[in-house]
$ cat run.pdb   # PDB, C-alpha atoms
ATOM      1  CA  MET A 119       0.000   0.000   0.000  1.00  0.00           C
ATOM      2  CA  HIS A 120       1.068   3.610  -0.624  1.00  0.00           C
ATOM      3  CA  VAL A 121      -0.356   6.822   0.869  1.00  0.00           C
ATOM      4  CA  GLN A 122      -0.728  10.285  -0.629  1.00  0.00           C
ATOM      5  CA  VAL A 123      -1.568  13.266   1.604  1.00  0.00           C
ATOM      6  CA  VAL A 124      -2.906  16.367  -0.126  1.00  0.00           C
ATOM      7  CA  THR A 125      -3.699  19.747   1.458  1.00  0.00           C
ATOM      8  CA  TYR A 126      -4.957  22.955  -0.150  1.00  0.00           C
ATOM      9  CA  ARG A 127      -7.070  26.049   0.396  1.00  0.00           C
ATOM     10  CA  ILE A 128     -10.218  27.286  -1.298  1.00  0.00           C
ATOM     11  CA  ALA A 129     -11.404  30.769  -0.359  1.00  0.00           C
ATOM     12  CA  ASP A 130     -15.001  31.772   0.253  1.00  0.00           C
ATOM     13  CA  ILE A 131     -16.777  28.440   0.037  1.00  0.00           C
ATOM     14  CA  GLY A 132     -19.005  26.810   2.618  1.00  0.00           C
ATOM     15  CA  GLU A 133     -19.121  23.099   3.425  1.00  0.00           C
ATOM     16  CA  ARG A 134     -22.347  22.429   1.489  1.00  0.00           C
ATOM     17  CA  ASP A 135     -21.025  24.258  -1.600  1.00  0.00           C
ATOM     18  CA  PHE A 136     -17.716  22.378  -1.335  1.00  0.00           C
ATOM     19  CA  ILE A 137     -19.548  19.040  -1.216  1.00  0.00           C
ATOM     20  CA  GLU A 138     -21.726  19.910  -4.205  1.00  0.00           C
ATOM     21  CA  ALA A 139     -18.733  21.164  -6.184  1.00  0.00           C
ATOM     22  CA  ASN A 140     -16.818  17.928  -5.563  1.00  0.00           C
ATOM     23  CA  LYS A 141     -19.445  15.234  -6.117  1.00  0.00           C
ATOM     24  CA  GLU A 142     -18.450  14.695  -9.743  1.00  0.00           C
ATOM     25  CA  PHE A 143     -14.754  14.609  -8.796  1.00  0.00           C
ATOM     26  CA  ALA A 144     -15.518  12.062  -6.049  1.00  0.00           C
ATOM     27  CA  GLU A 145     -17.285   9.820  -8.566  1.00  0.00           C
ATOM     28  CA  MET A 146     -14.326  10.046 -10.942  1.00  0.00           C
ATOM     29  CA  MET A 147     -11.875   9.316  -8.100  1.00  0.00           C
ATOM     30  CA  ALA A 148     -13.828   6.206  -7.135  1.00  0.00           C
ATOM     31  CA  ALA A 149     -13.100   4.808 -10.608  1.00  0.00           C
ATOM     32  CA  VAL A 150      -9.337   5.453 -10.569  1.00  0.00           C
ATOM     33  CA  PRO A 151      -7.432   2.162 -10.872  1.00  0.00           C
ATOM     34  CA  GLY A 152      -5.491   1.262  -7.748  1.00  0.00           C
ATOM     35  CA  LEU A 153      -7.306   3.649  -5.389  1.00  0.00           C
ATOM     36  CA  LEU A 154      -8.325   1.765  -2.245  1.00  0.00           C
ATOM     37  CA  ALA A 155      -9.897   4.755  -0.479  1.00  0.00           C
ATOM     38  CA  LYS A 156      -9.877   8.531  -0.243  1.00  0.00           C
ATOM     39  CA  VAL A 157     -10.573  10.233   3.073  1.00  0.00           C
ATOM     40  CA  TRP A 158     -11.796  13.807   2.581  1.00  0.00           C
ATOM     41  CA  LEU A 159     -10.505  16.375   5.098  1.00  0.00           C
ATOM     42  CA  GLN A 160     -11.740  19.791   6.226  1.00  0.00           C
ATOM     43  CA  GLY A 161      -9.524  21.959   8.424  1.00  0.00           C
ATOM     44  CA  ALA A 162     -10.726  23.767  11.503  1.00  0.00           C
ATOM     45  CA  ASP A 163     -10.175  27.107   9.777  1.00  0.00           C
ATOM     46  CA  SER A 164     -12.457  28.006   6.922  1.00  0.00           C
ATOM     47  CA  GLY A 165     -11.131  27.225   3.478  1.00  0.00           C
ATOM     48  CA  SER A 166      -8.620  24.525   4.450  1.00  0.00           C
ATOM     49  CA  TYR A 167      -9.193  21.116   2.862  1.00  0.00           C
ATOM     50  CA  GLY A 168      -7.329  17.971   1.971  1.00  0.00           C
ATOM     51  CA  GLY A 169      -7.396  14.272   1.343  1.00  0.00           C
ATOM     52  CA  ILE A 170      -5.674  11.086   2.361  1.00  0.00           C
ATOM     53  CA  TYR A 171      -5.451   8.705  -0.570  1.00  0.00           C
ATOM     54  CA  LEU A 172      -4.768   5.030   0.068  1.00  0.00           C
ATOM     55  CA  TRP A 173      -3.255   3.467  -3.042  1.00  0.00           C
ATOM     56  CA  GLN A 174      -2.735  -0.191  -3.866  1.00  0.00           C
ATOM     57  CA  ASP A 175       0.940   0.576  -4.514  1.00  0.00           C
ATOM     58  CA  ARG A 176       3.312   3.378  -5.479  1.00  0.00           C
ATOM     59  CA  ALA A 177       2.747   2.714  -9.197  1.00  0.00           C
ATOM     60  CA  ALA A 178      -0.997   3.417  -8.832  1.00  0.00           C
ATOM     61  CA  CYS A 179      -0.212   6.719  -7.088  1.00  0.00           C
ATOM     62  CA  GLU A 180       2.310   7.680  -9.773  1.00  0.00           C
ATOM     63  CA  ASN A 181      -0.157   6.794 -12.550  1.00  0.00           C
ATOM     64  CA  PHE A 182      -2.767   9.042 -10.941  1.00  0.00           C
ATOM     65  CA  LEU A 183      -0.269  11.904 -10.589  1.00  0.00           C
ATOM     66  CA  ALA A 184       0.597  11.558 -14.295  1.00  0.00           C
ATOM     67  CA  GLY A 185      -3.050  11.460 -15.380  1.00  0.00           C
ATOM     68  CA  ASP A 186      -5.709  13.891 -16.557  1.00  0.00           C
ATOM     69  CA  LEU A 187      -7.700  13.974 -13.313  1.00  0.00           C
ATOM     70  CA  TRP A 188      -4.725  15.203 -11.251  1.00  0.00           C
ATOM     71  CA  ALA A 189      -3.854  17.648 -14.045  1.00  0.00           C
ATOM     72  CA  GLU A 190      -7.325  19.172 -13.595  1.00  0.00           C
ATOM     73  CA  VAL A 191      -6.607  19.696  -9.903  1.00  0.00           C
ATOM     74  CA  LEU A 192      -3.282  21.371 -10.681  1.00  0.00           C
ATOM     75  CA  THR A 193      -4.908  23.828 -13.102  1.00  0.00           C
ATOM     76  CA  ASP A 194      -7.987  24.613 -10.956  1.00  0.00           C
ATOM     77  CA  ASP A 195      -7.825  28.371 -10.263  1.00  0.00           C
ATOM     78  CA  SER A 196      -9.902  28.015  -7.078  1.00  0.00           C
ATOM     79  CA  VAL A 197      -7.256  25.787  -5.449  1.00  0.00           C
ATOM     80  CA  THR A 198      -4.315  27.546  -3.758  1.00  0.00           C
ATOM     81  CA  GLY A 199      -1.431  26.354  -1.636  1.00  0.00           C
ATOM     82  CA  LEU A 200      -1.674  22.804  -2.975  1.00  0.00           C
ATOM     83  CA  VAL A 201       0.761  20.379  -1.337  1.00  0.00           C
ATOM     84  CA  SER A 202       0.935  16.690  -2.228  1.00  0.00           C
ATOM     85  CA  ASP A 203       3.238  14.284  -0.422  1.00  0.00           C
ATOM     86  CA  ASP A 204       3.353  10.543  -0.781  1.00  0.00           C
ATOM     87  CA  PHE A 205       4.619   7.913   1.619  1.00  0.00           C
ATOM     88  CA  ALA A 206       5.476   4.244   1.655  1.00  0.00           C
ATOM     89  CA  VAL A 207       3.517   2.313   4.274  1.00  0.00           C
ATOM     90  CA  MET A 208       5.518   0.650   7.043  1.00  0.00           C
ATOM     91  CA  ASP A 209       3.818  -2.747   6.856  1.00  0.00           C
ATOM     92  CA  GLU A 210       4.926  -4.306  10.154  1.00  0.00           C
ATOM     93  CA  LEU A 211       3.904  -1.385  12.389  1.00  0.00           C
ATOM     94  CA  THR A 212       0.752  -0.666  10.388  1.00  0.00           C
ATOM     95  CA  ALA A 213      -0.393  -4.269  10.842  1.00  0.00           C
ATOM     96  CA  MET A 214      -0.056  -3.793  14.619  1.00  0.00           C
ATOM     97  CA  THR A 215      -2.194  -0.632  14.799  1.00  0.00           C
ATOM     98  CA  GLN A 216      -5.454  -1.614  13.120  1.00  0.00           C
ATOM     99  CA  PRO A 217      -7.693  -2.574  16.026  1.00  0.00           C
ATOM    100  CA  ARG A 218     -10.953  -1.705  14.232  1.00  0.00           C
ATOM    101  CA  MET A 219      -9.945  -1.571  10.596  1.00  0.00           C
ATOM    102  CA  ALA A 220      -8.469  -4.245   8.385  1.00  0.00           C
ATOM    103  CA  LEU A 221      -6.005  -2.682   5.956  1.00  0.00           C
ATOM    104  CA  SER A 222      -4.133  -5.036   3.707  1.00  0.00           C
ATOM    105  CA  VAL A 223      -0.525  -3.974   4.019  1.00  0.00           C
ATOM    106  CA  SER A 224       1.155  -6.731   2.061  1.00  0.00           C
TER
END
$ encode --input "run.pdb" --output "structure tokens"
Amino acid sequence: MHVQVVTYRIADIGERDFIEANKEFAEMMAAVPGLLAKVWLQGADSGSYGGIYLWQDRAACENFLAGDLWAEVLTDDSVTGLVSDDFAVMDELTAMTQPRMALSVS
């Protein structure tokens, strides 16, 4: 498994408007090959958002980053301060800290 953490800001948008504006994107994300899950994040301060993407492997993450859907995010004028970091998953420790969730780490 591989993890991508994305944070960004969008000015002057409420939660309901954000949800409505991202429904189509969420549907497209659900169809991306190799995506196991995306957790949507909203910061405590208004306008701060992000996502935690759980990928099948690093190749799936890299394919997404090289694709059209991510390119749309990069060129979206409403998104500022975009940061995307990706991480390898430490399988042994991750397997030990899943008391209520079964993530396949191998």
$ atom_distance --input "run.pdb" --atom1 "CA of Thr198 (chain A)" --atom2 "CA of Ala129 (chain A)"
8.5 Å
$ atom_distance --input "run.pdb" --atom1 "CA of Leu211 (chain A)" --atom2 "CA of Val121 (chain A)"
14.8 Å
$ atom_distance --input "run.pdb" --atom1 "CA of Trp188 (chain A)" --atom2 "CA of Thr212 (chain A)"
27.4 Å
$ closest_residue --input "run.pdb" --among "A:Val150, A:Met119, A:Ile170, A:Ile137" --to "Leu187 (chain A)" --atoms "only C-alpha atoms"
A:Val150
$ residues_around --input "run.pdb" --residues "region 177-182 of chain A" --least-positions-apart "3" --cutoff "9 Å" --atoms "only C-alpha atoms" --output "PDB file with C-alpha atoms, in the coordinates of the input"
ATOM      1  CA  HIS A 120       1.068   3.610  -0.624  1.00  0.00           C
ATOM      2  CA  VAL A 121      -0.356   6.822   0.869  1.00  0.00           C
ATOM      3  CA  GLN A 122      -0.728  10.285  -0.629  1.00  0.00           C
ATOM      4  CA  VAL A 150      -9.337   5.453 -10.569  1.00  0.00           C
ATOM      5  CA  PRO A 151      -7.432   2.162 -10.872  1.00  0.00           C
ATOM      6  CA  GLY A 152      -5.491   1.262  -7.748  1.00  0.00           C
ATOM      7  CA  LEU A 153      -7.306   3.649  -5.389  1.00  0.00           C
ATOM      8  CA  TYR A 171      -5.451   8.705  -0.570  1.00  0.00           C
ATOM      9  CA  LEU A 172      -4.768   5.030   0.068  1.00  0.00           C
ATOM     10  CA  TRP A 173      -3.255   3.467  -3.042  1.00  0.00           C
ATOM     11  CA  GLN A 174      -2.735  -0.191  -3.866  1.00  0.00           C
ATOM     12  CA  GLY A 185      -3.050  11.460 -15.380  1.00  0.00           C
ATOM     13  CA  ASP A 186      -5.709  13.891 -16.557  1.00  0.00           C
ATOM     14  CA  LEU A 187      -7.700  13.974 -13.313  1.00  0.00           C
ATOM     15  CA  TRP A 188      -4.725  15.203 -11.251  1.00  0.00           C
ATOM     16  CA  ASP A 204       3.353  10.543  -0.781  1.00  0.00           C
TER      17      ASP A 204
END
$ residues_around --input "run.pdb" --residues "Asp195 (chain A)" --least-positions-apart "6" --cutoff "12 Å" --atoms "only C-alpha atoms" --output "list in words"
Tyr126, Arg127, Ile128 and Ala129 of chain A
$ residues_near_point --input "run.pdb" --point "(-20.9, 19.6, 6.0)" --cutoff "12 Å" --atoms "all atoms listed in the file" --output "VMD selection string"
chain A and resid 131 to 138 158 to 161 164
$ write_last_selection --input "run.pdb" --atoms "C-alpha atoms" --output "PDB file, in the frame of the given file"
ATOM      1  CA  ILE A 131     -16.777  28.440   0.037  1.00  0.00           C
ATOM      2  CA  GLY A 132     -19.005  26.810   2.618  1.00  0.00           C
ATOM      3  CA  GLU A 133     -19.121  23.099   3.425  1.00  0.00           C
ATOM      4  CA  ARG A 134     -22.347  22.429   1.489  1.00  0.00           C
ATOM      5  CA  ASP A 135     -21.025  24.258  -1.600  1.00  0.00           C
ATOM      6  CA  PHE A 136     -17.716  22.378  -1.335  1.00  0.00           C
ATOM      7  CA  ILE A 137     -19.548  19.040  -1.216  1.00  0.00           C
ATOM      8  CA  GLU A 138     -21.726  19.910  -4.205  1.00  0.00           C
ATOM      9  CA  TRP A 158     -11.796  13.807   2.581  1.00  0.00           C
ATOM     10  CA  LEU A 159     -10.505  16.375   5.098  1.00  0.00           C
ATOM     11  CA  GLN A 160     -11.740  19.791   6.226  1.00  0.00           C
ATOM     12  CA  GLY A 161      -9.524  21.959   8.424  1.00  0.00           C
ATOM     13  CA  SER A 164     -12.457  28.006   6.922  1.00  0.00           C
TER      14      SER A 164
END
$ decode --input "run.pdb" --residues "region 127-143 of chain A" --atoms "all heavy atoms" --output "mmCIF file, in the first residue's frame"
data_model
loop_
_atom_site.group_PDB
_atom_site.id
_atom_site.type_symbol
_atom_site.label_atom_id
_atom_site.label_comp_id
_atom_site.auth_asym_id
_atom_site.auth_seq_id
_atom_site.Cartn_x
_atom_site.Cartn_y
_atom_site.Cartn_z
ATOM 1 N N ARG A 127 -6.105 25.059 -0.088
ATOM 2 C CA ARG A 127 -7.070 26.049 0.396
ATOM 3 C C ARG A 127 -8.007 26.437 -0.749
ATOM 4 O O ARG A 127 -7.606 26.467 -1.909
ATOM 5 C CB ARG A 127 -6.361 27.282 0.927
ATOM 6 C CG ARG A 127 -5.467 26.973 2.126
ATOM 7 C CD ARG A 127 -4.994 28.205 2.838
ATOM 8 N NE ARG A 127 -6.052 29.041 3.359
ATOM 9 C CZ ARG A 127 -6.780 28.801 4.455
ATOM 10 N NH1 ARG A 127 -6.566 27.708 5.148
ATOM 11 N NH2 ARG A 127 -7.709 29.638 4.852
ATOM 12 N N ILE A 128 -9.233 26.718 -0.383
ATOM 13 C CA ILE A 128 -10.218 27.286 -1.298
ATOM 14 C C ILE A 128 -10.900 28.407 -0.526
ATOM 15 O O ILE A 128 -11.479 28.175 0.535
ATOM 16 C CB ILE A 128 -11.265 26.254 -1.765
ATOM 17 C CG1 ILE A 128 -10.604 25.132 -2.553
ATOM 18 C CG2 ILE A 128 -12.337 26.941 -2.605
ATOM 19 C CD1 ILE A 128 -11.565 24.073 -3.040
ATOM 20 N N ALA A 129 -10.827 29.612 -1.046
ATOM 21 C CA ALA A 129 -11.404 30.769 -0.359
ATOM 22 C C ALA A 129 -12.905 30.872 -0.608
ATOM 23 O O ALA A 129 -13.404 30.475 -1.660
ATOM 24 C CB ALA A 129 -10.711 32.043 -0.831
ATOM 25 N N ASP A 130 -13.587 31.394 0.392
ATOM 26 C CA ASP A 130 -15.001 31.772 0.253
ATOM 27 C C ASP A 130 -15.915 30.671 -0.236
ATOM 28 O O ASP A 130 -16.687 30.848 -1.185
ATOM 29 C CB ASP A 130 -15.131 32.988 -0.677
ATOM 30 C CG ASP A 130 -14.356 34.190 -0.166
ATOM 31 O OD1 ASP A 130 -14.289 34.362 1.074
ATOM 32 O OD2 ASP A 130 -13.820 34.935 -0.992
ATOM 33 N N ILE A 131 -15.858 29.513 0.387
ATOM 34 C CA ILE A 131 -16.777 28.440 0.037
ATOM 35 C C ILE A 131 -17.204 27.741 1.325
ATOM 36 O O ILE A 131 -16.387 27.452 2.193
ATOM 37 C CB ILE A 131 -16.151 27.438 -0.966
ATOM 38 C CG1 ILE A 131 -17.216 26.451 -1.477
ATOM 39 C CG2 ILE A 131 -14.959 26.739 -0.381
ATOM 40 C CD1 ILE A 131 -16.766 25.599 -2.655
ATOM 41 N N GLY A 132 -18.485 27.509 1.458
ATOM 42 C CA GLY A 132 -19.005 26.810 2.618
ATOM 43 C C GLY A 132 -18.960 25.304 2.411
ATOM 44 O O GLY A 132 -18.735 24.814 1.299
ATOM 45 N N GLU A 133 -19.192 24.562 3.488
ATOM 46 C CA GLU A 133 -19.121 23.099 3.425
ATOM 47 C C GLU A 133 -20.092 22.523 2.404
ATOM 48 O O GLU A 133 -19.735 21.660 1.609
ATOM 49 C CB GLU A 133 -19.390 22.498 4.803
ATOM 50 C CG GLU A 133 -19.282 20.994 4.814
ATOM 51 C CD GLU A 133 -19.465 20.391 6.199
ATOM 52 O OE1 GLU A 133 -19.516 21.134 7.190
ATOM 53 O OE2 GLU A 133 -19.575 19.158 6.273
ATOM 54 N N ARG A 134 -21.341 22.964 2.413
ATOM 55 C CA ARG A 134 -22.347 22.429 1.489
ATOM 56 C C ARG A 134 -21.939 22.699 0.041
ATOM 57 O O ARG A 134 -22.030 21.834 -0.808
ATOM 58 C CB ARG A 134 -23.716 23.056 1.805
ATOM 59 C CG ARG A 134 -24.824 22.683 0.876
ATOM 60 C CD ARG A 134 -25.360 21.273 0.784
ATOM 61 N NE ARG A 134 -25.106 20.267 1.754
ATOM 62 C CZ ARG A 134 -24.799 18.979 1.468
ATOM 63 N NH1 ARG A 134 -24.702 18.567 0.234
ATOM 64 N NH2 ARG A 134 -24.620 18.098 2.404
ATOM 65 N N ASP A 135 -21.462 23.925 -0.242
ATOM 66 C CA ASP A 135 -21.025 24.258 -1.600
ATOM 67 C C ASP A 135 -19.808 23.424 -2.002
ATOM 68 O O ASP A 135 -19.699 22.993 -3.151
ATOM 69 C CB ASP A 135 -20.704 25.747 -1.718
ATOM 70 C CG ASP A 135 -21.950 26.610 -1.644
ATOM 71 O OD1 ASP A 135 -23.049 26.107 -1.960
ATOM 72 O OD2 ASP A 135 -21.825 27.791 -1.268
ATOM 73 N N PHE A 136 -18.893 23.198 -1.058
ATOM 74 C CA PHE A 136 -17.716 22.378 -1.335
ATOM 75 C C PHE A 136 -18.138 20.956 -1.711
ATOM 76 O O PHE A 136 -17.632 20.386 -2.676
ATOM 77 C CB PHE A 136 -16.781 22.353 -0.124
ATOM 78 C CG PHE A 136 -15.560 21.511 -0.337
ATOM 79 C CD1 PHE A 136 -14.445 22.026 -0.974
ATOM 80 C CD2 PHE A 136 -15.521 20.193 0.093
ATOM 81 C CE1 PHE A 136 -13.309 21.248 -1.183
ATOM 82 C CE2 PHE A 136 -14.404 19.403 -0.115
ATOM 83 C CZ PHE A 136 -13.297 19.931 -0.752
ATOM 84 N N ILE A 137 -19.059 20.399 -0.950
ATOM 85 C CA ILE A 137 -19.548 19.040 -1.216
ATOM 86 C C ILE A 137 -20.185 18.974 -2.602
ATOM 87 O O ILE A 137 -19.883 18.079 -3.396
ATOM 88 C CB ILE A 137 -20.513 18.570 -0.120
ATOM 89 C CG1 ILE A 137 -19.747 18.362 1.188
ATOM 90 C CG2 ILE A 137 -21.250 17.302 -0.536
ATOM 91 C CD1 ILE A 137 -20.633 18.154 2.408
ATOM 92 N N GLU A 138 -21.062 19.899 -2.898
ATOM 93 C CA GLU A 138 -21.726 19.910 -4.205
ATOM 94 C C GLU A 138 -20.722 20.060 -5.338
ATOM 95 O O GLU A 138 -20.835 19.394 -6.362
ATOM 96 C CB GLU A 138 -22.774 21.022 -4.267
ATOM 97 C CG GLU A 138 -24.016 20.735 -3.452
ATOM 98 C CD GLU A 138 -24.715 19.441 -3.871
ATOM 99 O OE1 GLU A 138 -24.861 19.181 -5.079
ATOM 100 O OE2 GLU A 138 -25.105 18.679 -2.965
ATOM 101 N N ALA A 139 -19.723 20.920 -5.144
ATOM 102 C CA ALA A 139 -18.733 21.164 -6.184
ATOM 103 C C ALA A 139 -17.828 19.961 -6.420
ATOM 104 O O ALA A 139 -17.222 19.843 -7.491
ATOM 105 C CB ALA A 139 -17.881 22.384 -5.813
ATOM 106 N N ASN A 140 -17.745 19.057 -5.451
ATOM 107 C CA ASN A 140 -16.818 17.928 -5.563
ATOM 108 C C ASN A 140 -17.481 16.574 -5.773
ATOM 109 O O ASN A 140 -16.780 15.554 -5.833
ATOM 110 C CB ASN A 140 -15.912 17.877 -4.328
ATOM 111 C CG ASN A 140 -14.795 18.879 -4.439
ATOM 112 O OD1 ASN A 140 -13.819 18.646 -5.135
ATOM 113 N ND2 ASN A 140 -14.954 20.018 -3.785
ATOM 114 N N LYS A 141 -18.773 16.523 -5.909
ATOM 115 C CA LYS A 141 -19.445 15.234 -6.117
ATOM 116 C C LYS A 141 -18.987 14.549 -7.399
ATOM 117 O O LYS A 141 -18.721 13.350 -7.405
ATOM 118 C CB LYS A 141 -20.970 15.409 -6.101
ATOM 119 C CG LYS A 141 -21.521 15.567 -4.703
ATOM 120 C CD LYS A 141 -23.022 15.623 -4.707
ATOM 121 C CE LYS A 141 -23.548 15.672 -3.277
ATOM 122 N NZ LYS A 141 -25.008 15.712 -3.244
ATOM 123 N N GLU A 142 -18.881 15.286 -8.482
ATOM 124 C CA GLU A 142 -18.450 14.695 -9.743
ATOM 125 C C GLU A 142 -17.001 14.205 -9.630
ATOM 126 O O GLU A 142 -16.663 13.117 -10.085
ATOM 127 C CB GLU A 142 -18.585 15.699 -10.887
ATOM 128 C CG GLU A 142 -18.217 15.110 -12.230
ATOM 129 C CD GLU A 142 -18.391 16.102 -13.375
ATOM 130 O OE1 GLU A 142 -18.882 17.226 -13.157
ATOM 131 O OE2 GLU A 142 -18.014 15.737 -14.506
ATOM 132 N N PHE A 143 -16.148 15.012 -8.991
ATOM 133 C CA PHE A 143 -14.754 14.609 -8.796
ATOM 134 C C PHE A 143 -14.681 13.336 -7.950
ATOM 135 O O PHE A 143 -13.902 12.429 -8.245
ATOM 136 C CB PHE A 143 -13.968 15.740 -8.127
ATOM 137 C CG PHE A 143 -12.517 15.415 -7.905
ATOM 138 C CD1 PHE A 143 -11.605 15.463 -8.952
ATOM 139 C CD2 PHE A 143 -12.054 15.053 -6.649
ATOM 140 C CE1 PHE A 143 -10.270 15.163 -8.758
ATOM 141 C CE2 PHE A 143 -10.719 14.748 -6.440
ATOM 142 C CZ PHE A 143 -9.821 14.808 -7.497
#
